[in-house]
$ cat input12.txt   # compact mmCIF, C-alpha atoms
# COMPACT_ATOMS: atom_id res chain seq x y z
CA MET Q 1 0.00 0.00 0.00
CA ASP Q 2 1.62 3.23 -1.21
CA PHE Q 3 0.62 6.40 0.65
CA ALA Q 4 2.83 8.69 -1.44
CA LEU Q 5 1.13 11.29 -3.63
CA THR Q 6 1.45 10.87 -7.39
CA ASP Q 7 3.24 13.39 -9.58
CA ASP Q 8 -0.12 14.76 -10.74
CA GLN Q 9 -1.38 15.12 -7.19
CA LEU Q 10 1.80 16.90 -6.16
CA ALA Q 11 1.44 19.25 -9.13
CA TYR Q 12 -2.14 20.16 -8.18
CA GLN Q 13 -1.06 20.59 -4.56
CA LYS Q 14 1.72 22.95 -5.54
CA MET Q 15 -0.53 24.95 -7.86
CA ALA Q 16 -3.18 25.35 -5.15
CA ARG Q 17 -0.61 26.31 -2.48
CA GLN Q 18 0.90 28.94 -4.78
CA PHE Q 19 -2.53 30.43 -5.49
CA ALA Q 20 -3.38 30.43 -1.79
CA GLN Q 21 -0.05 32.02 -0.93
CA LYS Q 22 -0.50 34.81 -3.48
CA GLU Q 23 -4.25 35.48 -3.55
CA LEU Q 24 -5.84 34.17 -0.34
CA LYS Q 25 -3.55 34.24 2.68
CA PRO Q 26 -2.48 37.92 2.37
CA ASN Q 27 -6.12 39.06 2.17
CA ALA Q 28 -7.90 36.64 4.51
CA ALA Q 29 -7.83 38.85 7.61
CA GLU Q 30 -9.18 41.91 5.76
CA TRP Q 31 -11.93 39.91 4.06
CA ASP Q 32 -12.91 38.55 7.47
CA ARG Q 33 -12.96 41.98 9.13
CA ASN Q 34 -15.04 43.53 6.34
CA SER Q 35 -17.26 40.51 5.63
CA HIS Q 36 -16.10 40.76 2.01
CA PHE Q 37 -16.97 38.03 -0.49
CA PRO Q 38 -14.04 38.09 -2.97
CA ILE Q 39 -15.91 37.13 -6.12
CA ASP Q 40 -13.12 38.39 -8.37
CA VAL Q 41 -10.57 36.13 -6.68
CA ILE Q 42 -12.94 33.16 -6.67
CA LYS Q 43 -13.46 33.56 -10.40
CA LYS Q 44 -9.67 33.43 -10.87
CA THR Q 45 -9.70 29.88 -9.52
CA GLY Q 46 -11.82 28.96 -12.52
CA GLU Q 47 -8.81 29.68 -14.72
CA LEU Q 48 -6.98 26.90 -12.86
CA GLY Q 49 -9.91 24.48 -13.11
CA PHE Q 50 -10.65 24.70 -9.38
CA LEU Q 51 -14.34 25.53 -9.90
CA GLY Q 52 -14.96 22.20 -11.62
CA LEU Q 53 -12.47 19.87 -9.98
CA TYR Q 54 -14.55 16.67 -10.17
CA THR Q 55 -17.16 17.93 -12.63
CA ASN Q 56 -17.92 15.97 -15.80
CA PRO Q 57 -15.04 16.64 -18.27
CA ASP Q 58 -17.52 16.54 -21.17
CA TYR Q 59 -18.64 19.96 -19.91
CA ASP Q 60 -15.19 21.47 -19.27
CA GLY Q 61 -14.69 20.05 -15.77
CA LEU Q 62 -11.38 18.45 -14.77
CA GLY Q 63 -13.07 15.19 -13.77
CA LEU Q 64 -10.54 14.56 -11.01
CA PRO Q 65 -10.95 11.85 -8.37
CA ARG Q 66 -12.25 13.03 -5.00
CA LEU Q 67 -8.86 12.37 -3.46
CA ASP Q 68 -7.08 14.71 -5.87
CA SER Q 69 -9.77 17.34 -5.34
CA ALA Q 70 -9.40 17.04 -1.57
CA ILE Q 71 -5.71 17.83 -1.86
CA VAL Q 72 -6.56 21.07 -3.68
CA PHE Q 73 -9.22 22.13 -1.15
CA GLU Q 74 -6.82 21.63 1.73
CA GLU Q 75 -4.26 23.97 0.21
CA LEU Q 76 -6.87 26.62 -0.57
CA ALA Q 77 -8.14 26.45 3.01
CA TRP Q 78 -4.57 26.90 4.25
CA GLY Q 79 -4.92 30.35 2.66
CA ASP Q 80 -8.52 31.19 3.63
CA THR Q 81 -10.98 28.79 5.24
CA ALA Q 82 -14.20 30.58 4.34
CA VAL Q 83 -13.33 31.14 0.69
CA ALA Q 84 -12.11 27.57 0.21
CA ALA Q 85 -15.28 26.23 1.83
CA TYR Q 86 -17.44 28.26 -0.55
CA ILE Q 87 -15.43 26.96 -3.52
CA SER Q 88 -16.09 23.42 -2.29
CA ILE Q 89 -19.85 24.12 -2.20
CA HIS Q 90 -19.71 25.61 -5.70
CA ASN Q 91 -17.96 22.43 -6.87
CA MET Q 92 -20.78 20.34 -5.41
CA VAL Q 93 -23.32 22.37 -7.38
CA ALA Q 94 -21.36 22.06 -10.63
CA TRP Q 95 -20.91 18.31 -10.10
CA MET Q 96 -24.59 17.66 -9.38
CA ILE Q 97 -25.75 19.52 -12.49
CA GLY Q 98 -23.01 17.88 -14.57
CA GLU Q 99 -24.08 14.41 -13.43
CA PHE Q 100 -27.86 14.54 -13.24
CA ALA Q 101 -29.22 17.36 -15.45
CA THR Q 102 -30.48 16.98 -19.00
CA ASP Q 103 -27.95 17.43 -21.78
CA GLU Q 104 -29.52 20.76 -22.69
CA VAL Q 105 -29.19 22.16 -19.17
CA ARG Q 106 -25.71 20.73 -18.68
CA SER Q 107 -24.44 22.18 -21.92
CA ASP Q 108 -25.83 25.60 -21.09
CA ILE Q 109 -24.92 25.93 -17.40
CA VAL Q 110 -22.01 23.68 -16.40
CA PRO Q 111 -19.28 25.30 -18.55
CA LYS Q 112 -20.26 28.68 -17.09
CA LEU Q 113 -19.99 27.29 -13.56
CA VAL Q 114 -16.62 25.74 -14.32
CA SER Q 115 -15.23 28.96 -15.80
CA GLY Q 116 -16.57 31.15 -13.00
CA GLU Q 117 -18.96 33.08 -15.20
CA TYR Q 118 -21.68 31.67 -12.94
CA LEU Q 119 -21.40 30.94 -9.22
CA GLY Q 120 -23.63 28.39 -7.52
CA SER Q 121 -25.39 27.77 -4.21
CA TYR Q 122 -26.69 24.52 -2.73
CA CYS Q 123 -30.15 24.83 -1.15
CA LEU Q 124 -31.21 22.02 1.17
CA THR Q 125 -31.59 23.35 4.72
CA GLU Q 126 -34.82 25.00 5.87
CA PRO Q 127 -35.78 26.76 9.11
CA ASN Q 128 -37.47 23.58 10.38
CA ALA Q 129 -35.53 20.99 8.37
CA GLY Q 130 -31.86 20.83 9.29
CA SER Q 131 -30.59 17.42 10.32
CA ASP Q 132 -33.96 15.92 9.30
CA ALA Q 133 -33.60 16.97 5.68
CA GLY Q 134 -36.27 14.52 4.55
CA SER Q 135 -38.92 16.65 6.30
CA LEU Q 136 -38.39 19.74 4.12
CA THR Q 137 -41.53 21.60 3.09
CA THR Q 138 -40.47 23.77 0.13
CA LYS Q 139 -42.73 22.66 -2.72
CA ALA Q 140 -42.40 22.50 -6.49
CA ILE Q 141 -45.76 21.79 -8.12
CA LYS Q 142 -45.91 20.84 -11.79
CA GLN Q 143 -48.60 22.90 -13.50
CA ASP Q 144 -51.20 20.97 -15.50
CA GLY Q 145 -50.59 21.37 -19.21
CA GLU Q 146 -47.54 23.58 -18.57
CA ASP Q 147 -43.82 22.93 -18.90
CA TYR Q 148 -42.80 24.43 -15.59
CA TYR Q 149 -42.97 23.99 -11.83
CA LEU Q 150 -44.14 26.64 -9.37
CA LEU Q 151 -41.64 26.80 -6.52
CA ASN Q 152 -42.70 28.04 -3.08
CA GLY Q 153 -40.91 27.89 0.24
CA GLU Q 154 -37.84 28.99 2.12
CA LYS Q 155 -34.23 27.89 2.46
CA THR Q 156 -31.89 29.05 5.20
CA PHE Q 157 -28.14 29.13 5.93
CA ILE Q 158 -27.39 29.20 2.20
CA SER Q 159 -23.74 29.95 1.39
CA GLY Q 160 -23.21 32.55 -1.29
CA ALA Q 161 -26.91 33.42 -1.45
CA GLY Q 162 -27.60 36.79 -2.98
CA SER Q 163 -24.26 36.78 -4.81
CA THR Q 164 -24.64 33.63 -6.90
CA ASP Q 165 -26.33 32.87 -10.20
CA ILE Q 166 -27.45 29.24 -10.01
CA LEU Q 167 -29.26 27.42 -7.22
CA VAL Q 168 -29.67 23.67 -6.81
CA VAL Q 169 -32.88 23.47 -4.78
CA MET Q 170 -34.31 20.44 -3.01
CA ALA Q 171 -38.10 20.68 -3.06
CA ARG Q 172 -41.06 18.44 -2.41
CA THR Q 173 -42.79 17.30 -5.60
CA GLY Q 174 -44.52 14.30 -4.07
CA GLY Q 175 -45.66 12.86 -0.76
CA ALA Q 176 -44.05 12.90 2.66
CA GLY Q 177 -40.55 11.70 3.37
CA PRO Q 178 -37.36 11.50 1.31
CA LYS Q 179 -39.05 9.81 -1.67
CA GLY Q 180 -41.15 12.91 -2.28
CA VAL Q 181 -38.12 15.18 -2.72
CA SER Q 182 -36.79 16.31 -6.10
CA ALA Q 183 -33.87 18.51 -7.15
CA LEU Q 184 -34.22 21.52 -9.45
CA VAL Q 185 -31.78 23.89 -11.11
CA VAL Q 186 -33.03 27.42 -10.50
CA ASP Q 187 -31.89 30.73 -11.95
CA ALA Q 188 -30.99 32.75 -8.85
CA HIS Q 189 -32.29 35.94 -10.49
CA SER Q 190 -35.77 34.58 -11.26
CA ASP Q 191 -38.90 36.58 -10.49
CA GLY Q 192 -40.31 35.60 -7.11
CA ILE Q 193 -36.95 35.03 -5.40
CA SER Q 194 -35.97 37.31 -2.54
CA TYR Q 195 -33.05 37.21 -0.15
CA GLY Q 196 -32.79 37.86 3.57
CA LYS Q 197 -30.03 39.80 5.30
CA ASN Q 198 -26.44 38.64 5.26
CA GLU Q 199 -26.29 36.81 8.59
CA HIS Q 200 -23.82 38.08 11.19
CA LYS Q 201 -21.85 34.93 11.88
CA MET Q 202 -19.17 33.89 14.35
CA GLY Q 203 -16.91 32.88 11.48
CA TRP Q 204 -16.95 32.29 7.72
CA LYS Q 205 -17.34 36.05 7.31
CA ALA Q 206 -15.71 36.06 3.86
CA GLN Q 207 -18.79 34.45 2.33
CA PRO Q 208 -22.41 35.60 2.63
CA THR Q 209 -25.03 33.42 4.29
CA ARG Q 210 -28.66 34.30 3.67
CA THR Q 211 -32.19 32.94 3.73
CA ILE Q 212 -33.83 32.55 0.32
CA HIS Q 213 -37.59 32.99 -0.16
CA PHE Q 214 -39.39 31.47 -3.15
CA LYS Q 215 -42.82 32.85 -4.09
CA ASP Q 216 -44.45 31.31 -7.19
CA VAL Q 217 -41.08 31.01 -8.94
CA LYS Q 218 -41.42 29.47 -12.38
CA VAL Q 219 -38.83 26.74 -12.94
CA PRO Q 220 -38.73 25.08 -16.39
CA ALA Q 221 -39.55 21.38 -16.19
CA LYS Q 222 -36.34 20.62 -18.09
CA ASN Q 223 -34.41 21.91 -15.04
CA LEU Q 224 -35.35 18.85 -13.00
CA LEU Q 225 -32.31 16.78 -12.03
CA GLY Q 226 -32.98 13.15 -12.91
CA ASN Q 227 -36.56 12.13 -12.21
CA GLU Q 228 -39.08 13.28 -9.64
CA GLY Q 229 -38.37 11.71 -6.27
CA GLU Q 230 -34.63 11.32 -6.83
CA GLY Q 231 -33.61 14.60 -5.24
CA PHE Q 232 -32.91 13.26 -1.77
CA LYS Q 233 -30.72 10.51 -3.22
CA PHE Q 234 -28.76 13.11 -5.20
CA ALA Q 235 -28.48 15.34 -2.14
CA MET Q 236 -26.98 12.51 -0.10
CA LYS Q 237 -24.52 11.68 -2.87
CA GLY Q 238 -23.51 15.31 -2.93
CA LEU Q 239 -23.09 15.35 0.83
CA ASP Q 240 -20.67 12.42 0.80
CA GLY Q 241 -18.27 14.52 -1.24
CA GLY Q 242 -19.25 17.66 0.65
CA ARG Q 243 -18.25 16.06 3.94
CA ILE Q 244 -14.83 15.19 2.56
CA ASN Q 245 -14.45 18.75 1.28
CA ILE Q 246 -15.45 20.38 4.56
CA GLY Q 247 -13.15 18.01 6.41
CA VAL Q 248 -10.10 18.80 4.29
CA CYS Q 249 -10.84 22.52 4.51
CA ALA Q 250 -10.68 22.04 8.28
CA VAL Q 251 -7.38 20.20 7.98
CA GLY Q 252 -5.92 22.94 5.77
CA THR Q 253 -6.80 25.45 8.46
CA ALA Q 254 -5.31 23.24 11.18
CA GLN Q 255 -2.12 23.00 9.13
CA ALA Q 256 -1.94 26.79 8.90
CA ALA Q 257 -2.53 27.13 12.66
CA LEU Q 258 0.13 24.52 13.41
CA GLU Q 259 2.71 26.27 11.22
CA THR Q 260 1.94 29.60 12.89
CA ALA Q 261 2.21 28.10 16.37
CA LEU Q 262 5.50 26.35 15.66
CA ALA Q 263 7.09 29.55 14.37
CA TYR Q 264 5.80 31.50 17.37
CA VAL Q 265 7.05 29.16 20.11
CA GLN Q 266 10.49 29.06 18.50
CA GLU Q 267 10.70 32.87 18.66
CA ARG Q 268 8.85 33.65 21.90
CA LYS Q 269 11.14 33.75 24.92
CA GLN Q 270 10.17 33.45 28.57
CA PHE Q 271 12.52 33.05 31.52
CA GLY Q 272 15.51 33.43 29.22
CA SER Q 273 14.78 30.79 26.59
CA ALA Q 274 12.37 30.02 23.77
CA ILE Q 275 9.18 28.40 25.03
CA ALA Q 276 9.71 25.71 22.36
CA GLU Q 277 12.34 24.28 24.72
CA LEU Q 278 9.67 23.49 27.32
CA GLN Q 279 8.73 19.82 27.23
CA SER Q 280 5.08 20.64 27.85
CA VAL Q 281 5.07 22.78 24.69
CA GLN Q 282 6.88 20.10 22.70
CA PHE Q 283 4.33 17.48 23.78
CA LYS Q 284 1.47 19.77 22.78
CA LEU Q 285 3.01 20.38 19.34
CA ALA Q 286 3.58 16.66 18.87
CA ASP Q 287 -0.08 15.94 19.60
CA MET Q 288 -1.19 18.72 17.25
CA LEU Q 289 0.86 17.32 14.39
CA THR Q 290 -0.37 13.80 15.07
CA GLN Q 291 -3.98 14.99 15.07
CA THR Q 292 -3.52 16.88 11.81
CA VAL Q 293 -1.94 13.93 10.02
CA ALA Q 294 -4.51 11.48 11.39
CA ALA Q 295 -7.37 13.70 10.22
CA ARG Q 296 -5.84 14.09 6.77
CA GLN Q 297 -5.26 10.37 6.31
CA MET Q 298 -8.80 9.50 7.41
CA LEU Q 299 -10.14 11.90 4.81
CA TYR Q 300 -7.89 10.43 2.14
CA LEU Q 301 -9.27 7.00 3.03
CA ALA Q 302 -12.86 8.23 2.75
CA ALA Q 303 -12.12 9.94 -0.58
CA SER Q 304 -10.63 6.73 -1.94
CA LYS Q 305 -13.80 4.86 -0.89
CA VAL Q 306 -15.94 7.36 -2.83
CA ASP Q 307 -13.67 7.09 -5.87
CA ALA Q 308 -13.95 3.28 -5.74
CA ASN Q 309 -17.77 3.38 -5.34
CA ASP Q 310 -17.35 1.38 -2.15
CA PRO Q 311 -20.73 0.41 -0.63
CA ASN Q 312 -19.54 1.74 2.74
CA ALA Q 313 -18.39 5.09 1.35
CA THR Q 314 -21.10 7.07 3.17
CA THR Q 315 -20.04 5.60 6.51
CA TYR Q 316 -16.38 6.36 5.89
CA CYS Q 317 -17.26 9.93 4.87
CA ALA Q 318 -19.24 10.37 8.09
CA MET Q 319 -16.38 9.03 10.20
CA ALA Q 320 -13.85 11.18 8.39
CA LYS Q 321 -15.92 14.36 8.62
CA ARG Q 322 -16.53 13.90 12.35
CA LEU Q 323 -12.94 13.04 13.19
CA SER Q 324 -11.27 15.66 11.00
CA THR Q 325 -13.42 18.60 12.06
CA ASP Q 326 -13.16 17.78 15.77
CA LEU Q 327 -9.39 17.27 15.62
CA SER Q 328 -8.78 20.32 13.45
CA PHE Q 329 -10.75 22.58 15.76
CA ASP Q 330 -8.71 21.30 18.69
CA VAL Q 331 -5.45 21.93 16.84
CA ALA Q 332 -6.41 25.53 16.09
CA ASN Q 333 -7.61 26.06 19.65
CA GLN Q 334 -4.34 24.69 21.07
CA ALA Q 335 -2.38 26.90 18.65
CA LEU Q 336 -4.26 29.89 20.04
CA GLN Q 337 -3.46 28.75 23.59
CA LEU Q 338 0.25 28.58 22.78
CA HIS Q 339 0.10 32.24 21.76
CA GLY Q 340 -1.32 33.23 25.13
CA GLY Q 341 -3.06 36.60 25.07
CA TYR Q 342 -1.71 37.36 21.61
CA GLY Q 343 -3.73 34.48 20.20
CA TYR Q 344 -6.89 36.28 21.26
CA LEU Q 345 -6.03 39.36 19.20
CA ASN Q 346 -7.19 39.64 15.62
CA GLU Q 347 -3.73 40.84 14.63
CA TYR Q 348 -2.90 37.13 14.68
CA PRO Q 349 -4.74 34.56 12.56
CA LEU Q 350 -5.47 32.08 15.36
CA GLU Q 351 -8.74 33.58 16.60
CA ARG Q 352 -10.03 33.63 13.02
CA HIS Q 353 -9.02 30.00 12.51
CA VAL Q 354 -10.90 29.00 15.66
CA ARG Q 355 -14.01 30.97 14.65
CA ASP Q 356 -13.99 29.63 11.10
CA LEU Q 357 -13.47 26.02 12.14
CA ARG Q 358 -16.28 25.92 14.67
CA VAL Q 359 -18.96 25.71 12.00
CA HIS Q 360 -17.27 22.74 10.33
CA GLN Q 361 -18.53 20.63 13.22
CA ILE Q 362 -22.10 21.68 12.34
CA LEU Q 363 -22.58 21.94 8.58
CA GLU Q 364 -22.86 19.16 5.99
CA GLY Q 365 -24.51 17.23 8.82
CA THR Q 366 -23.68 17.91 12.46
CA ASN Q 367 -21.06 15.69 14.05
CA GLU Q 368 -23.84 14.17 16.15
CA ILE Q 369 -25.57 13.11 12.93
CA MET Q 370 -22.26 11.68 11.69
CA ARG Q 371 -22.26 9.46 14.78
CA VAL Q 372 -25.84 8.41 14.03
CA ILE Q 373 -24.84 7.38 10.49
CA VAL Q 374 -21.86 5.38 11.73
CA SER Q 375 -23.66 3.70 14.63
CA ARG Q 376 -26.63 2.67 12.46
CA LYS Q 377 -24.27 1.05 9.99
CA MET Q 378 -22.46 -0.72 12.83
CA MET Q 379 -25.72 -2.34 13.91
CA SER Q 380 -26.24 -4.07 10.55
CA ASP Q 381 -25.20 -7.68 10.12
CA HIS Q 382 -21.45 -8.30 9.80
CA ALA Q 383 -20.78 -4.56 9.43
CA LEU Q 384 -17.56 -4.66 11.42
CA ASP Q 385 -16.15 -7.23 9.00
CA SER Q 386 -16.11 -4.59 6.23
CA LEU Q 387 -15.56 -1.42 8.29
CA ARG Q 388 -11.88 -1.93 8.99

$ encode --input "input12.txt" --output "structure tokens"
Amino acid sequence: MDFALTDDQLAYQKMARQFAQKELKPNAAEWDRNSHFPIDVIKKTGELGFLGLYTNPDYDGLGLPRLDSAIVFEELAWGDTAVAAYISIHNMVAWMIGEFATDEVRSDIVPKLVSGEYLGSYCLTEPNAGSDAGSLTTKAIKQDGEDYYLLNGEKTFISGAGSTDILVVMARTGGAGPKGVSALVVDAHSDGISYGKNEHKMGWKAQPTRTIHFKDVKVPAKNLLGNEGEGFKFAMKGLDGGRINIGVCAVGTAQAALETALAYVQERKQFGSAIAELQSVQFKLADMLTQTVAARQMLYLAASKVDANDPNATTYCAMAKRLSTDLSFDVANQALQLHGGYGYLNEYPLERHVRDLRVHQILEGTNEIMRVIVSRKMMSDHALDSLR
């Protein structure tokens, strides 16, 4: 078993790190302070192929494996967590349309998403349907004798909302439960769509988060992804990859925090010597590195399961998302602690890392829901024979 990265993976890693070093890291603090969504910089990533990393290559996507894509997201997050996380969500939108839309819709929309001409948002969560996504109430009713749906309802906590062009919306077209949910591609500028305020968040300030209201929005019937009733299945497929992406964005941030902490303790002197010479500090750093590497490798394993269409891929993604986001948050928090009072100042990046990482334990399924997914799988017959 060879854990070394391939030449192609190393090339993508280097390209992403160079972009993050030049375009993201120097601006991250200012974007955070001003709640600025850097659309111009995000569009530049399209020139590198980073807005369609695993999107269908027939529509200009790179068609990379999830593992290769994860490597890119980690490096982008090393530069700016919030921006990298939005780019990962945009990739999920581009992939879903590229996989499940009609040829007409794919040909029209996907190349524009991949290039950055269009930006996308993923719309699943509702005010009363978070972890229980199958209970959503937004409705899309097909009009008799017409070639469109009327969309009514509300989505909340939507990344990029108000600044994006394409929405993938999960809506109820049938009866109760997951089997009544369908997925639709919606023009974000359609009549009948309105946006709430940009939420004032603890972190992720460099991307907007808004509620979206749909009032009798006409959605062409051709914009249905797959068939009616398949939306929940598509959403869950998207979330497998989304959980890997959010996890590696967390690891990229942990890596940045670890590098900052190591440099600081080697320079900071107390009682006549660098605090890096204290064994307690050395032990803490050792644990932080171990946690970062363990999180990264668990995500790589989950990504490889998705790439191989492993029947247990969803379980591995849940385990990896839970482990990586918890460990990465702890690494950033310990890095802040090593800085003492300076870590609490926004002149240093640690407090931003901690704020940004906290939401990674909540979105794409809370870490409690990840435990539910894993434990349910464990209870099935002979599950532990394959989950090894």

$ axis_aligned_box --input "input12.txt" --around "range 373-382 of chain Q" --padding-each-side "5 Å" --output "lines of an AutoDock Vina configuration file"
center_x = -24.0
center_y = -0.5
center_z = 12.2
size_x = 15.2
size_y = 25.7
size_z = 14.8

$ closest_residue --input "input12.txt" --among "Q:Ala313, Q:Ile141, Q:Ala332, Q:His353" --to "Val374 in chain Q" --atoms "only C-alpha atoms"
Q:Ala313

$ atom_distance --input "input12.txt" --atom1 "CA of Val251 in chain Q" --atom2 "CA of Arg66 in chain Q"
15.6 Å

$ residues_near_point --input "input12.txt" --point "(-20.1, 38.0, 13.2)" --cutoff "12 Å" --atoms "all atoms listed in the file" --output "list in words"
Asp32, Arg33, Asn34, Ser35, Asn198, Glu199, His200, Lys201, Met202, Gly203, Trp204, Lys205, Ala206, Gln207, Pro208, Thr209, Arg352, Arg355 and Asp356 of chain Q

$ atom_distance --input "input12.txt" --atom1 "CA of Leu113 in chain Q" --atom2 "CA of Ala16 in chain Q"
18.9 Å
